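Working notes for the structure below.
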Amino acid sequence: MAVASAPPRSSSNVSTPDPFDNLEESSPNPSGPGHPDDERFMALAFEEAQRAAGRDEVPIGCVIVREGVVLGRAHNLTRTHTDPTCHAEMLAISQAARRLGVMRLVGATVYTTVEPCFMCAGALVHARVKRVVWAVRDPKFGGCASLGTVLSHPQANHQVEWHEGPMADASREILQTFFRSKRVVPRVSPGDA
Ligand code: ZN
């Protein structure tokens, strides 16, 4: 597995009560500036995260957009379906592909409230999306900047642009509230959803 280019996390994170305590500020975006529509579409993804919280699911939401049209929107449903693959991104990808009738989401932008895990990042590369925007990093499961570079690995056959930060405070807060309510053990991460 490729080594992450992000700076190593301090060992102090290991003992934090949840994955988003003491989360460092996001590093400067390495993929250029955000888009004027980023906040608007991330707000839709956050609505999905709120729906997940309402169902006692880890509150993560995702929206997939192309040319201003929402092609898929979903929230984490791993507990509902007893299925570890039911991450918000995976469900939104499937929705968008079914809607378009094709397996490639060329030109699409994906908004997700948390940095995609390795599984979802891999699926996003398979789907050939153009760009991924996330609100906050997942320091213990993120496969795009925290623990890996799946979206942008130079040896992969497709590279995805990425940007982070829109609605970071709200997305972090809803996660922290959820994990604290569950009193989860320190090693649990959104990727464990
Ligand atoms: Zn995932």
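Ordered as shown in the structure tokens, chains take letters A, B, and onward, while each chain numbers its residues from 1 and ligands are numbered from 1 in the order shown.
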Problem - Test item, strand (DSSP E) assignment across stretch 92-123 of chain A, answer as a PyMOL selection string - result: chain A and resi 109-114
Exercise for the section: Throw together the list of residues within 9 Å of ligand 1, counting only C-alpha atoms and all ligand atoms, and drop it here as a VMD selection string. Expected result: chain A and resid 76 84 to 90 114 to 121 141 to 143 190 to 193
Return as CSV the residues of stretch 53-151 of chain A lying at most 12 Å from stretch 156-169 of chain A, together with the closest atom-to-atom pair for each and the distance in Å to one decimal, counting only C-alpha atoms, with rows in chain order and ascending residue number.
```
residue,atom,partner,partner_atom,distance
A:Arg104,CA,A:His158,CA,11.9
A:Leu105,CA,A:Val160,CA,11.8
A:Val106,CA,A:Val160,CA,10.6
A:Gly107,CA,A:Val160,CA,10.2
A:Ala108,CA,A:Val160,CA,10.3
A:Thr109,CA,A:Glu161,CA,9.2
A:Val110,CA,A:Trp162,CA,9.3
A:Tyr111,CA,A:Pro166,CA,9.4
A:Thr112,CA,A:Glu164,CA,9.6
A:Thr113,CA,A:Ala168,CA,7.7
A:Val114,CA,A:Ala168,CA,8.8
A:Glu115,CA,A:Glu164,CA,8.1
A:Pro116,CA,A:Trp162,CA,10.8
A:Ala121,CA,A:Val160,CA,9.4
A:Gly122,CA,A:Ala156,CA,10.4
A:Ala123,CA,A:Val160,CA,11.5
A:Leu124,CA,A:Val160,CA,8.3
A:Val125,CA,A:His158,CA,6.4
A:His126,CA,A:His158,CA,8.2
A:Ala127,CA,A:His158,CA,9.6
A:Arg128,CA,A:His158,CA,6.8
A:Val129,CA,A:Val160,CA,6.6
A:Lys130,CA,A:Val160,CA,5.4
A:Arg131,CA,A:Glu161,CA,4.5
A:Val132,CA,A:Trp162,CA,4.7
A:Val133,CA,A:His163,CA,4.8
A:Trp134,CA,A:Glu164,CA,4.8
A:Ala135,CA,A:Ala168,CA,4.5
A:Val136,CA,A:Ala168,CA,5.3
A:Arg137,CA,A:Glu164,CA,7.9
A:Asp138,CA,A:Glu164,CA,11.4
A:Cys144,CA,A:Trp162,CA,8.5
A:Ala145,CA,A:Trp162,CA,9.4
A:Ser146,CA,A:Glu164,CA,11.9
A:Thr149,CA,A:Gln159,CA,9.8
A:Val150,CA,A:Ala156,CA,8.1
A:Leu151,CA,A:Val160,CA,5.1
```
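Of note, atom CA of A:Val102 and atom CA of A:Val63 are spaced 17.6 Å apart.
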Exercise for the section: Output as a count of residues only all residues of stretch 9-185 of chain A that backbone DSSP marks as helix (DSSP H, G or I). Expected result: 63
Handout entry: Pick from A:Gly61, A:Pro139, A:Gly72, A:Gly54, whichever lies nearest to A:Arg99 using only C-alpha atoms
Key = A:Gly72
Problem - Interatomic distance (Å, one decimal) between atom CA of A:Arg55 and atom CA of A:Arg180 - result: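 Atom-to-atom, atom CA of A:Arg55 and atom CA of A:Arg180 are spaced 16.2 Å apart.
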